[in-house]
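Here the structure comes first, spelled out in structure tokens, and everything after it is commentary.
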Amino acid sequence: MKTLEIDKEYINKVNNLIAGKNKKYIVYTMGCTLNENDSEKISGMATEMGYTQTENINEADLIIFNTCCIRENAEEKLFGKLGEVKKLKQERGTIIALCGCMMQEEHIVEKIKQSYRYVDIVFGTHTIQKFPEDLYDLLSKENKVIDILDIDGEVYEGLPIKRESKNKALVTIMYGCNNFCTYCIVPYVRGRERNRRPEDILREITSLAEEGYKEVVLLGQNVNSYKGNGYNGINNFADLLRAVNKINGIEIISFISPHPKDFTDDVIMAIKDCNKISRILHLPLQSGSSEVLKRMNRKYTKEQYLNLANKIKREIPDVVLSTDIIVGFPGEAETDFEDTLDVVKQVGFEQVFMFIYSKRVGTPAEKMENQIPENIKHERFDRLKELVENQMQENNKKYIGTVQNILIEGKSKTNENMLTGRTNTNKVVVLEGKEELIGKIAKVKIVSEHMWYLKGEIA
Ligand code: 5AD
Ligand code: SF4
């Protein structure tokens, strides 16, 4: 895979066109952290082109929707928003750009061409670096631009970036996915796996540390299948973790999302040895039934998953696990669902992200027989949710009385007078404290639990 440096030519050209005109942009991000990281790059490009960010959509000259298509509700959200901005387009001539995963779906782009003609620019996941060129073409020639590549894009380095957080930095290490889980649209919209070079990743993280960032989140659709090029001995994900752990100034490292099939012993040992790595690991289960897992093409059984979870807990006793679960996959029988409940009971997850199966156009599961009726899907979802919430409450009690190292992220959103941060197992902690603590790591004693957060005091 070739790695290319971004060419700033079109960024400068747009800058010349709009200089001094006080143009503003707003970006809406749907979907996962990878999309959030892409939006930070879109914001970086917009800023270098001379736009300033606004929170007020009514004064924006450029609106960018970075879309997701993992489940149906993400689509509904976009079309709802597009309806809302039509009036703005008519009144102010606001430029409307769409990008991200949904734009890689043919039927969606067709729908936009037919029914949302006021959209100006469409670019996909493989053409994000061409946003300035597309915008320049629109501004200089008044042509609508549809710029989508079906083949996998190159890995681009050097895109400008405007980060959302001052403490926690998102760092994509690989793009795409080769797994083809049968329910999942991602391999079709993000393409095959492409890795960034270790030297580029390490350079980025080193300069983040110099800027004062304490925490990095390594991102990829399948992070633990990362392949290096041998630079500094980095050939795989375990090597990369060890190298990032050595970077001075970085104190917390986390990563999403790994696949259980690639959770090899060397990755477990690297986490065990590297004290900066977060003590919550995400291990997406999807289903507890070996039969369903087979039809999902997950490449592990219920027993293999349980063995892996046990091995991780045995090797790294202070680690807790989080997971993703889909209920109502085609053909899921009551006994299959009970297997899922059984795994949840046995593993005792710290956090469970629960999803109702959503049919995705073009995936193998879309065509499977025995699609589960909506009422059964919802009834199972509610049963799973009840179990998870009961477990969470029980589990939260273990924190009370402990002293935790908390990176203080900022003021609490719900109470101006309180600060908030997270434990190294990603639990939200709310506490009283001085503003100077923001961005620092503090020792905090946990005094009570409140389901979705813990309350603490400076120890
Ligand atoms: N329906 C429901 N949930 C899905 N996920 C992925 N595809 C689908 C789908 N078609 C969930 C998986 C994945 C998470 C990011 O989204 O649990 O791990
Ligand atoms: Fe949504 Fe998947 Fe794209 Fe992330 S990679 S934005 S979850 S479709």
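Letters A, B, ... mark the chains of the structure tokens in the order given; residue numbers begin at 1 per chain; ligand numbers begin at 1, in order shown.
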May I have the residues within 10 Å of ligand 2, computed using only C-alpha atoms and all ligand atoms, as a PDB file with all heavy atoms, in the first residue's frame?
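Printed below is result35.pdb as written:
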```pdb
ATOM      1  N   THR A  29     -21.154  15.119  12.804  1.00  0.00           N
ATOM      2  CA  THR A  29     -20.552  13.793  12.717  1.00  0.00           C
ATOM      3  C   THR A  29     -21.521  12.745  13.225  1.00  0.00           C
ATOM      4  O   THR A  29     -22.028  12.857  14.341  1.00  0.00           O
ATOM      5  CB  THR A  29     -19.274  13.732  13.570  1.00  0.00           C
ATOM      6  OG1 THR A  29     -18.485  14.857  13.234  1.00  0.00           O
ATOM      7  CG2 THR A  29     -18.497  12.452  13.322  1.00  0.00           C
ATOM      8  N   MET A  30     -21.770  11.732  12.413  1.00  0.00           N
ATOM      9  CA  MET A  30     -22.579  10.596  12.855  1.00  0.00           C
ATOM     10  C   MET A  30     -21.641   9.400  12.970  1.00  0.00           C
ATOM     11  O   MET A  30     -20.602   9.371  12.321  1.00  0.00           O
ATOM     12  CB  MET A  30     -23.673  10.313  11.831  1.00  0.00           C
ATOM     13  CG  MET A  30     -24.645  11.464  11.722  1.00  0.00           C
ATOM     14  SD  MET A  30     -25.328  11.608  10.079  1.00  0.00           S
ATOM     15  CE  MET A  30     -26.034  13.234  10.174  1.00  0.00           C
ATOM     16  N   GLY A  31     -22.041   8.425  13.774  1.00  0.00           N
ATOM     17  CA  GLY A  31     -21.281   7.174  13.783  1.00  0.00           C
ATOM     18  C   GLY A  31     -20.152   7.115  14.784  1.00  0.00           C
ATOM     19  O   GLY A  31     -20.185   7.757  15.828  1.00  0.00           O
ATOM     20  N   CYS A  32     -19.121   6.368  14.417  1.00  0.00           N
ATOM     21  CA  CYS A  32     -18.122   5.918  15.388  1.00  0.00           C
ATOM     22  C   CYS A  32     -16.956   6.887  15.539  1.00  0.00           C
ATOM     23  O   CYS A  32     -16.886   7.924  14.882  1.00  0.00           O
ATOM     24  CB  CYS A  32     -17.597   4.562  14.940  1.00  0.00           C
ATOM     25  SG  CYS A  32     -16.696   4.668  13.390  1.00  0.00           S
ATOM     26  N   THR A  33     -16.003   6.502  16.378  1.00  0.00           N
ATOM     27  CA  THR A  33     -14.834   7.341  16.654  1.00  0.00           C
ATOM     28  C   THR A  33     -13.966   7.542  15.414  1.00  0.00           C
ATOM     29  O   THR A  33     -13.297   8.557  15.277  1.00  0.00           O
ATOM     30  CB  THR A  33     -13.989   6.693  17.771  1.00  0.00           C
ATOM     31  OG1 THR A  33     -14.848   5.917  18.580  1.00  0.00           O
ATOM     32  CG2 THR A  33     -13.313   7.715  18.609  1.00  0.00           C
ATOM     33  N   LEU A  34     -13.958   6.549  14.512  1.00  0.00           N
ATOM     34  CA  LEU A  34     -13.189   6.720  13.271  1.00  0.00           C
ATOM     35  C   LEU A  34     -13.747   7.881  12.473  1.00  0.00           C
ATOM     36  O   LEU A  34     -13.009   8.663  11.883  1.00  0.00           O
ATOM     37  CB  LEU A  34     -13.288   5.451  12.421  1.00  0.00           C
ATOM     38  CG  LEU A  34     -12.266   4.393  12.779  1.00  0.00           C
ATOM     39  CD1 LEU A  34     -12.834   3.021  12.542  1.00  0.00           C
ATOM     40  CD2 LEU A  34     -11.014   4.589  11.965  1.00  0.00           C
ATOM     41  N   ASN A  35     -15.062   7.991  12.457  1.00  0.00           N
ATOM     42  CA  ASN A  35     -15.693   9.114  11.778  1.00  0.00           C
ATOM     43  C   ASN A  35     -15.373  10.423  12.489  1.00  0.00           C
ATOM     44  O   ASN A  35     -15.193  11.446  11.849  1.00  0.00           O
ATOM     45  CB  ASN A  35     -17.211   8.904  11.714  1.00  0.00           C
ATOM     46  CG  ASN A  35     -17.677   8.630  10.305  1.00  0.00           C
ATOM     47  OD1 ASN A  35     -16.896   8.165   9.484  1.00  0.00           O
ATOM     48  ND2 ASN A  35     -18.918   8.926  10.018  1.00  0.00           N
ATOM     49  N   GLU A  36     -15.327  10.374  13.828  1.00  0.00           N
ATOM     50  CA  GLU A  36     -14.979  11.592  14.580  1.00  0.00           C
ATOM     51  C   GLU A  36     -13.584  12.049  14.191  1.00  0.00           C
ATOM     52  O   GLU A  36     -13.327  13.236  13.995  1.00  0.00           O
ATOM     53  CB  GLU A  36     -15.024  11.332  16.089  1.00  0.00           C
ATOM     54  CG  GLU A  36     -16.433  11.282  16.629  1.00  0.00           C
ATOM     55  CD  GLU A  36     -16.469  10.840  18.080  1.00  0.00           C
ATOM     56  OE1 GLU A  36     -15.474  11.043  18.801  1.00  0.00           O
ATOM     57  OE2 GLU A  36     -17.495  10.279  18.486  1.00  0.00           O
ATOM     58  N   ASP A  38     -12.065  11.407  11.330  1.00  0.00           N
ATOM     59  CA  ASP A  38     -12.155  11.954   9.969  1.00  0.00           C
ATOM     60  C   ASP A  38     -12.697  13.382  10.003  1.00  0.00           C
ATOM     61  O   ASP A  38     -12.226  14.256   9.276  1.00  0.00           O
ATOM     62  CB  ASP A  38     -13.077  11.094   9.087  1.00  0.00           C
ATOM     63  CG  ASP A  38     -12.384   9.833   8.597  1.00  0.00           C
ATOM     64  OD1 ASP A  38     -11.155   9.724   8.750  1.00  0.00           O
ATOM     65  OD2 ASP A  38     -13.092   8.941   8.057  1.00  0.00           O
ATOM     66  N   ASN A  66     -20.876  14.316   7.981  1.00  0.00           N
ATOM     67  CA  ASN A  66     -20.029  13.124   7.880  1.00  0.00           C
ATOM     68  C   ASN A  66     -20.870  11.942   8.355  1.00  0.00           C
ATOM     69  O   ASN A  66     -21.160  11.819   9.536  1.00  0.00           O
ATOM     70  CB  ASN A  66     -18.771  13.324   8.727  1.00  0.00           C
ATOM     71  CG  ASN A  66     -17.749  12.237   8.483  1.00  0.00           C
ATOM     72  OD1 ASN A  66     -17.916  11.408   7.592  1.00  0.00           O
ATOM     73  ND2 ASN A  66     -16.707  12.232   9.284  1.00  0.00           N
ATOM     74  N   THR A  67     -21.265  11.093   7.425  1.00  0.00           N
ATOM     75  CA  THR A  67     -22.352  10.141   7.684  1.00  0.00           C
ATOM     76  C   THR A  67     -21.882   8.740   8.084  1.00  0.00           C
ATOM     77  O   THR A  67     -20.737   8.356   7.833  1.00  0.00           O
ATOM     78  CB  THR A  67     -23.206   9.973   6.412  1.00  0.00           C
ATOM     79  OG1 THR A  67     -22.356   9.412   5.397  1.00  0.00           O
ATOM     80  CG2 THR A  67     -23.778  11.293   5.949  1.00  0.00           C
ATOM     81  N   CYS A  68     -22.811   7.990   8.646  1.00  0.00           N
ATOM     82  CA  CYS A  68     -22.587   6.604   9.069  1.00  0.00           C
ATOM     83  C   CYS A  68     -23.712   5.764   8.475  1.00  0.00           C
ATOM     84  O   CYS A  68     -24.799   6.274   8.209  1.00  0.00           O
ATOM     85  CB  CYS A  68     -22.649   6.562  10.594  1.00  0.00           C
ATOM     86  SG  CYS A  68     -22.767   4.922  11.318  1.00  0.00           S
ATOM     87  N   CYS A  69     -23.463   4.481   8.260  1.00  0.00           N
ATOM     88  CA  CYS A  69     -24.554   3.643   7.733  1.00  0.00           C
ATOM     89  C   CYS A  69     -24.624   2.296   8.446  1.00  0.00           C
ATOM     90  O   CYS A  69     -25.170   1.341   7.927  1.00  0.00           O
ATOM     91  CB  CYS A  69     -24.383   3.442   6.228  1.00  0.00           C
ATOM     92  SG  CYS A  69     -22.804   2.729   5.806  1.00  0.00           S
ATOM     93  N   ILE A  70     -24.058   2.232   9.642  1.00  0.00           N
ATOM     94  CA  ILE A  70     -23.960   0.944  10.330  1.00  0.00           C
ATOM     95  C   ILE A  70     -25.338   0.362  10.654  1.00  0.00           C
ATOM     96  O   ILE A  70     -25.537  -0.834  10.609  1.00  0.00           O
ATOM     97  CB  ILE A  70     -23.068   1.071  11.590  1.00  0.00           C
ATOM     98  CG1 ILE A  70     -22.660  -0.291  12.123  1.00  0.00           C
ATOM     99  CG2 ILE A  70     -23.716   1.872  12.696  1.00  0.00           C
ATOM    100  CD1 ILE A  70     -21.325  -0.724  11.738  1.00  0.00           C
ATOM    101  N   ARG A  71     -26.287   1.250  10.993  1.00  0.00           N
ATOM    102  CA  ARG A  71     -27.657   0.813  11.261  1.00  0.00           C
ATOM    103  C   ARG A  71     -28.624   1.790  10.614  1.00  0.00           C
ATOM    104  O   ARG A  71     -28.256   2.922  10.298  1.00  0.00           O
ATOM    105  CB  ARG A  71     -27.914   0.747  12.778  1.00  0.00           C
ATOM    106  CG  ARG A  71     -27.224  -0.438  13.445  1.00  0.00           C
ATOM    107  CD  ARG A  71     -27.326  -0.376  14.950  1.00  0.00           C
ATOM    108  NE  ARG A  71     -26.518   0.712  15.470  1.00  0.00           N
ATOM    109  CZ  ARG A  71     -25.232   0.613  15.761  1.00  0.00           C
ATOM    110  NH1 ARG A  71     -24.611  -0.541  15.631  1.00  0.00           N
ATOM    111  NH2 ARG A  71     -24.549   1.649  16.211  1.00  0.00           N
ATOM    112  N   ALA A  74     -29.134   5.570  11.606  1.00  0.00           N
ATOM    113  CA  ALA A  74     -28.151   6.573  11.183  1.00  0.00           C
ATOM    114  C   ALA A  74     -28.595   7.215   9.871  1.00  0.00           C
ATOM    115  O   ALA A  74     -28.426   8.413   9.653  1.00  0.00           O
ATOM    116  CB  ALA A  74     -26.773   5.933  11.028  1.00  0.00           C
ATOM    117  N   GLY A 100     -18.437  10.514   4.074  1.00  0.00           N
ATOM    118  CA  GLY A 100     -18.471   9.412   5.033  1.00  0.00           C
ATOM    119  C   GLY A 100     -19.068   8.144   4.456  1.00  0.00           C
ATOM    120  O   GLY A 100     -19.339   8.024   3.257  1.00  0.00           O
ATOM    121  N   CYS A 101     -19.311   7.209   5.353  1.00  0.00           N
ATOM    122  CA  CYS A 101     -19.622   5.830   4.975  1.00  0.00           C
ATOM    123  C   CYS A 101     -20.860   5.678   4.082  1.00  0.00           C
ATOM    124  O   CYS A 101     -20.858   4.905   3.130  1.00  0.00           O
ATOM    125  CB  CYS A 101     -19.805   5.007   6.243  1.00  0.00           C
ATOM    126  SG  CYS A 101     -18.270   4.899   7.180  1.00  0.00           S
ATOM    127  N   MET A 102     -21.911   6.429   4.406  1.00  0.00           N
ATOM    128  CA  MET A 102     -23.155   6.271   3.635  1.00  0.00           C
ATOM    129  C   MET A 102     -22.973   6.622   2.165  1.00  0.00           C
ATOM    130  O   MET A 102     -23.677   6.113   1.303  1.00  0.00           O
ATOM    131  CB  MET A 102     -24.208   7.199   4.232  1.00  0.00           C
ATOM    132  CG  MET A 102     -25.427   6.497   4.723  1.00  0.00           C
ATOM    133  SD  MET A 102     -26.398   7.711   5.609  1.00  0.00           S
ATOM    134  CE  MET A 102     -27.678   7.914   4.447  1.00  0.00           C
ATOM    135  N   MET A 103     -22.006   7.513   1.901  1.00  0.00           N
ATOM    136  CA  MET A 103     -21.794   7.964   0.518  1.00  0.00           C
ATOM    137  C   MET A 103     -21.124   6.887  -0.330  1.00  0.00           C
ATOM    138  O   MET A 103     -20.998   7.028  -1.537  1.00  0.00           O
ATOM    139  CB  MET A 103     -20.968   9.258   0.500  1.00  0.00           C
ATOM    140  CG  MET A 103     -21.633  10.371   1.235  1.00  0.00           C
ATOM    141  SD  MET A 103     -23.325  10.647   0.653  1.00  0.00           S
ATOM    142  CE  MET A 103     -24.271  10.452   2.163  1.00  0.00           C
ATOM    143  N   GLN A 104     -20.678   5.805   0.320  1.00  0.00           N
ATOM    144  CA  GLN A 104     -20.098   4.684  -0.429  1.00  0.00           C
ATOM    145  C   GLN A 104     -21.187   3.691  -0.857  1.00  0.00           C
ATOM    146  O   GLN A 104     -20.885   2.685  -1.470  1.00  0.00           O
ATOM    147  CB  GLN A 104     -19.051   3.956   0.423  1.00  0.00           C
ATOM    148  CG  GLN A 104     -17.819   4.765   0.752  1.00  0.00           C
ATOM    149  CD  GLN A 104     -16.944   5.119  -0.430  1.00  0.00           C
ATOM    150  OE1 GLN A 104     -16.472   6.242  -0.542  1.00  0.00           O
ATOM    151  NE2 GLN A 104     -16.727   4.185  -1.345  1.00  0.00           N
ATOM    152  N   THR A 125     -15.405   7.780   1.569  1.00  0.00           N
ATOM    153  CA  THR A 125     -14.382   7.512   2.590  1.00  0.00           C
ATOM    154  C   THR A 125     -12.982   7.427   1.984  1.00  0.00           C
ATOM    155  O   THR A 125     -11.998   7.575   2.693  1.00  0.00           O
ATOM    156  CB  THR A 125     -14.662   6.191   3.327  1.00  0.00           C
ATOM    157  OG1 THR A 125     -14.717   5.150   2.340  1.00  0.00           O
ATOM    158  CG2 THR A 125     -15.965   6.209   4.075  1.00  0.00           C
ATOM    159  N   TYR A 175      -7.028   1.500   8.321  1.00  0.00           N
ATOM    160  CA  TYR A 175      -8.316   1.790   7.691  1.00  0.00           C
ATOM    161  C   TYR A 175      -8.874   0.494   7.120  1.00  0.00           C
ATOM    162  O   TYR A 175      -8.128  -0.360   6.657  1.00  0.00           O
ATOM    163  CB  TYR A 175      -8.137   2.793   6.544  1.00  0.00           C
ATOM    164  CG  TYR A 175      -7.525   4.104   6.963  1.00  0.00           C
ATOM    165  CD1 TYR A 175      -6.133   4.270   6.995  1.00  0.00           C
ATOM    166  CD2 TYR A 175      -8.319   5.185   7.315  1.00  0.00           C
ATOM    167  CE1 TYR A 175      -5.567   5.476   7.372  1.00  0.00           C
ATOM    168  CE2 TYR A 175      -7.755   6.398   7.694  1.00  0.00           C
ATOM    169  CZ  TYR A 175      -6.375   6.532   7.718  1.00  0.00           C
ATOM    170  OH  TYR A 175      -5.819   7.725   8.094  1.00  0.00           O
ATOM    171  N   GLY A 176     -10.183   0.361   7.108  1.00  0.00           N
ATOM    172  CA  GLY A 176     -10.833  -0.742   6.409  1.00  0.00           C
ATOM    173  C   GLY A 176     -10.907  -2.024   7.220  1.00  0.00           C
ATOM    174  O   GLY A 176     -10.460  -2.093   8.370  1.00  0.00           O
ATOM    175  N   CYS A 177     -11.497  -3.033   6.609  1.00  0.00           N
ATOM    176  CA  CYS A 177     -11.746  -4.285   7.317  1.00  0.00           C
ATOM    177  C   CYS A 177     -11.802  -5.439   6.317  1.00  0.00           C
ATOM    178  O   CYS A 177     -12.369  -5.302   5.236  1.00  0.00           O
ATOM    179  CB  CYS A 177     -13.079  -4.163   8.056  1.00  0.00           C
ATOM    180  SG  CYS A 177     -13.526  -5.649   8.939  1.00  0.00           S
ATOM    181  N   CYS A 184     -22.560  -6.942   8.501  1.00  0.00           N
ATOM    182  CA  CYS A 184     -21.874  -5.656   8.588  1.00  0.00           C
ATOM    183  C   CYS A 184     -21.591  -5.005   7.233  1.00  0.00           C
ATOM    184  O   CYS A 184     -21.098  -5.635   6.302  1.00  0.00           O
ATOM    185  CB  CYS A 184     -20.566  -5.833   9.351  1.00  0.00           C
ATOM    186  SG  CYS A 184     -19.811  -4.253   9.734  1.00  0.00           S
ATOM    187  N   ILE A 185     -21.862  -3.731   7.162  1.00  0.00           N
ATOM    188  CA  ILE A 185     -21.690  -2.952   5.930  1.00  0.00           C
ATOM    189  C   ILE A 185     -20.260  -2.409   5.800  1.00  0.00           C
ATOM    190  O   ILE A 185     -19.824  -2.024   4.708  1.00  0.00           O
ATOM    191  CB  ILE A 185     -22.731  -1.795   5.925  1.00  0.00           C
ATOM    192  CG1 ILE A 185     -22.842  -1.095   4.574  1.00  0.00           C
ATOM    193  CG2 ILE A 185     -22.440  -0.767   6.998  1.00  0.00           C
ATOM    194  CD1 ILE A 185     -23.655  -1.818   3.566  1.00  0.00           C
ATOM    195  N   VAL A 186     -19.527  -2.392   6.928  1.00  0.00           N
ATOM    196  CA  VAL A 186     -18.231  -1.695   6.951  1.00  0.00           C
ATOM    197  C   VAL A 186     -17.248  -2.113   5.838  1.00  0.00           C
ATOM    198  O   VAL A 186     -16.681  -1.254   5.171  1.00  0.00           O
ATOM    199  CB  VAL A 186     -17.572  -1.805   8.346  1.00  0.00           C
ATOM    200  CG1 VAL A 186     -16.118  -1.360   8.321  1.00  0.00           C
ATOM    201  CG2 VAL A 186     -18.340  -0.945   9.339  1.00  0.00           C
ATOM    202  N   PRO A 187     -17.040  -3.421   5.606  1.00  0.00           N
ATOM    203  CA  PRO A 187     -16.068  -3.780   4.559  1.00  0.00           C
ATOM    204  C   PRO A 187     -16.447  -3.212   3.186  1.00  0.00           C
ATOM    205  O   PRO A 187     -15.573  -2.977   2.360  1.00  0.00           O
ATOM    206  CB  PRO A 187     -16.115  -5.309   4.530  1.00  0.00           C
ATOM    207  CG  PRO A 187     -16.673  -5.701   5.853  1.00  0.00           C
ATOM    208  CD  PRO A 187     -17.618  -4.607   6.252  1.00  0.00           C
ATOM    209  N   TYR A 188     -17.748  -2.987   2.971  1.00  0.00           N
ATOM    210  CA  TYR A 188     -18.181  -2.476   1.667  1.00  0.00           C
ATOM    211  C   TYR A 188     -17.984  -0.970   1.560  1.00  0.00           C
ATOM    212  O   TYR A 188     -17.831  -0.443   0.466  1.00  0.00           O
ATOM    213  CB  TYR A 188     -19.663  -2.819   1.414  1.00  0.00           C
ATOM    214  CG  TYR A 188     -19.928  -4.308   1.577  1.00  0.00           C
ATOM    215  CD1 TYR A 188     -20.316  -4.830   2.798  1.00  0.00           C
ATOM    216  CD2 TYR A 188     -19.716  -5.183   0.511  1.00  0.00           C
ATOM    217  CE1 TYR A 188     -20.529  -6.193   2.962  1.00  0.00           C
ATOM    218  CE2 TYR A 188     -19.917  -6.542   0.659  1.00  0.00           C
ATOM    219  CZ  TYR A 188     -20.324  -7.039   1.888  1.00  0.00           C
ATOM    220  OH  TYR A 188     -20.506  -8.383   2.056  1.00  0.00           O
ATOM    221  N   VAL A 189     -18.020  -0.271   2.691  1.00  0.00           N
ATOM    222  CA  VAL A 189     -17.924   1.194   2.620  1.00  0.00           C
ATOM    223  C   VAL A 189     -16.551   1.728   3.035  1.00  0.00           C
ATOM    224  O   VAL A 189     -16.217   2.879   2.748  1.00  0.00           O
ATOM    225  CB  VAL A 189     -19.030   1.891   3.460  1.00  0.00           C
ATOM    226  CG1 VAL A 189     -20.393   1.558   2.898  1.00  0.00           C
ATOM    227  CG2 VAL A 189     -18.953   1.547   4.934  1.00  0.00           C
ATOM    228  N   ARG A 190     -15.773   0.890   3.691  1.00  0.00           N
ATOM    229  CA  ARG A 190     -14.440   1.348   4.129  1.00  0.00           C
ATOM    230  C   ARG A 190     -13.317   0.595   3.422  1.00  0.00           C
ATOM    231  O   ARG A 190     -12.141   0.895   3.635  1.00  0.00           O
ATOM    232  CB  ARG A 190     -14.288   1.180   5.646  1.00  0.00           C
ATOM    233  CG  ARG A 190     -15.090   2.180   6.453  1.00  0.00           C
ATOM    234  CD  ARG A 190     -14.273   3.426   6.748  1.00  0.00           C
ATOM    235  NE  ARG A 190     -15.022   4.421   7.472  1.00  0.00           N
ATOM    236  CZ  ARG A 190     -14.528   5.608   7.796  1.00  0.00           C
ATOM    237  NH1 ARG A 190     -13.305   5.948   7.471  1.00  0.00           N
ATOM    238  NH2 ARG A 190     -15.250   6.476   8.443  1.00  0.00           N
ATOM    239  N   GLY A 220      -9.107   1.803  14.630  1.00  0.00           N
ATOM    240  CA  GLY A 220      -9.158   1.028  13.396  1.00  0.00           C
ATOM    241  C   GLY A 220     -10.384   0.140  13.458  1.00  0.00           C
ATOM    242  O   GLY A 220     -10.925  -0.115  14.539  1.00  0.00           O
ATOM    243  N   GLN A 221     -10.841  -0.326  12.303  1.00  0.00           N
ATOM    244  CA  GLN A 221     -11.989  -1.245  12.301  1.00  0.00           C
ATOM    245  C   GLN A 221     -11.611  -2.553  12.959  1.00  0.00           C
ATOM    246  O   GLN A 221     -12.446  -3.296  13.445  1.00  0.00           O
ATOM    247  CB  GLN A 221     -12.440  -1.537  10.867  1.00  0.00           C
ATOM    248  CG  GLN A 221     -12.866  -0.318  10.099  1.00  0.00           C
ATOM    249  CD  GLN A 221     -14.090   0.324  10.684  1.00  0.00           C
ATOM    250  OE1 GLN A 221     -14.757  -0.265  11.524  1.00  0.00           O
ATOM    251  NE2 GLN A 221     -14.382   1.528  10.274  1.00  0.00           N
TER     252      GLN A 221
END
```
Would you list the residues that come within 6 Å of ligand 1? Count only C-alpha atoms and all ligand atoms and give the answer as a PyMOL selection string.
chain A and resi 70-71+183-184+284+286+324-326+355-360
Got time to write the residues from that selection, N, CA and C atoms, as a CSV table (one decimal), in the first residue's frame?
```
chain,number,residue,atom,x,y,z
A,70,ILE,N,-24.1,2.2,9.6
A,70,ILE,CA,-24.0,0.9,10.3
A,70,ILE,C,-25.3,0.4,10.7
A,71,ARG,N,-26.3,1.2,11.0
A,71,ARG,CA,-27.7,0.8,11.3
A,71,ARG,C,-28.6,1.8,10.6
A,183,TYR,N,-23.4,-9.5,8.9
A,183,TYR,CA,-24.4,-8.4,9.1
A,183,TYR,C,-23.9,-7.0,8.8
A,184,CYS,N,-22.6,-6.9,8.5
A,184,CYS,CA,-21.9,-5.7,8.6
A,184,CYS,C,-21.6,-5.0,7.2
A,284,PRO,N,-15.7,-7.5,21.3
A,284,PRO,CA,-17.0,-7.6,20.8
A,284,PRO,C,-17.5,-9.0,20.7
A,286,GLN,N,-21.0,-10.0,20.0
A,286,GLN,CA,-22.0,-10.0,19.0
A,286,GLN,C,-23.1,-11.0,19.3
A,324,ASP,N,-19.8,-5.6,22.5
A,324,ASP,CA,-20.9,-5.2,21.6
A,324,ASP,C,-21.8,-6.5,21.4
A,325,ILE,N,-23.1,-6.3,21.5
A,325,ILE,CA,-24.0,-7.4,21.3
A,325,ILE,C,-25.1,-7.0,20.3
A,326,ILE,N,-25.4,-7.9,19.3
A,326,ILE,CA,-26.5,-7.7,18.4
A,326,ILE,C,-27.6,-8.7,18.8
A,355,PHE,N,-27.3,-3.6,20.5
A,355,PHE,CA,-27.9,-3.2,19.2
A,355,PHE,C,-28.9,-4.2,18.7
A,356,ILE,N,-30.0,-3.6,18.2
A,356,ILE,CA,-31.0,-4.4,17.5
A,356,ILE,C,-30.5,-4.7,16.1
A,357,TYR,N,-30.5,-5.9,15.6
A,357,TYR,CA,-30.1,-6.2,14.3
A,357,TYR,C,-30.8,-5.3,13.2
A,358,SER,N,-30.0,-4.8,12.3
A,358,SER,CA,-30.6,-3.9,11.3
A,358,SER,C,-30.1,-4.4,10.0
A,359,LYS,N,-31.0,-4.6,9.1
A,359,LYS,CA,-30.7,-5.2,7.7
A,359,LYS,C,-29.9,-4.1,6.9
A,360,ARG,N,-28.8,-4.5,6.4
A,360,ARG,CA,-28.0,-3.6,5.6
A,360,ARG,C,-27.9,-4.1,4.1
```
Which of these residues is nearest to Leu341 of chain A, using only C-alpha atoms: A:Leu88, A:Leu285, A:Leu149, A:Val320?
A:Leu285
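If you measure from each of A:Lys166, A:Lys2, A:Arg203, A:Lys87 to Ala243 of chain A using only C-alpha atoms, the closest one turns out to be A:Arg203.
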DSSP on the backbone, then: every residue of segment 127-286 of chain A marked strand (DSSP E), written as a PyMOL selection string.
chain A and resi 145-147+155-157+168-172+174-175+194-195+215-219+252-256+280-282
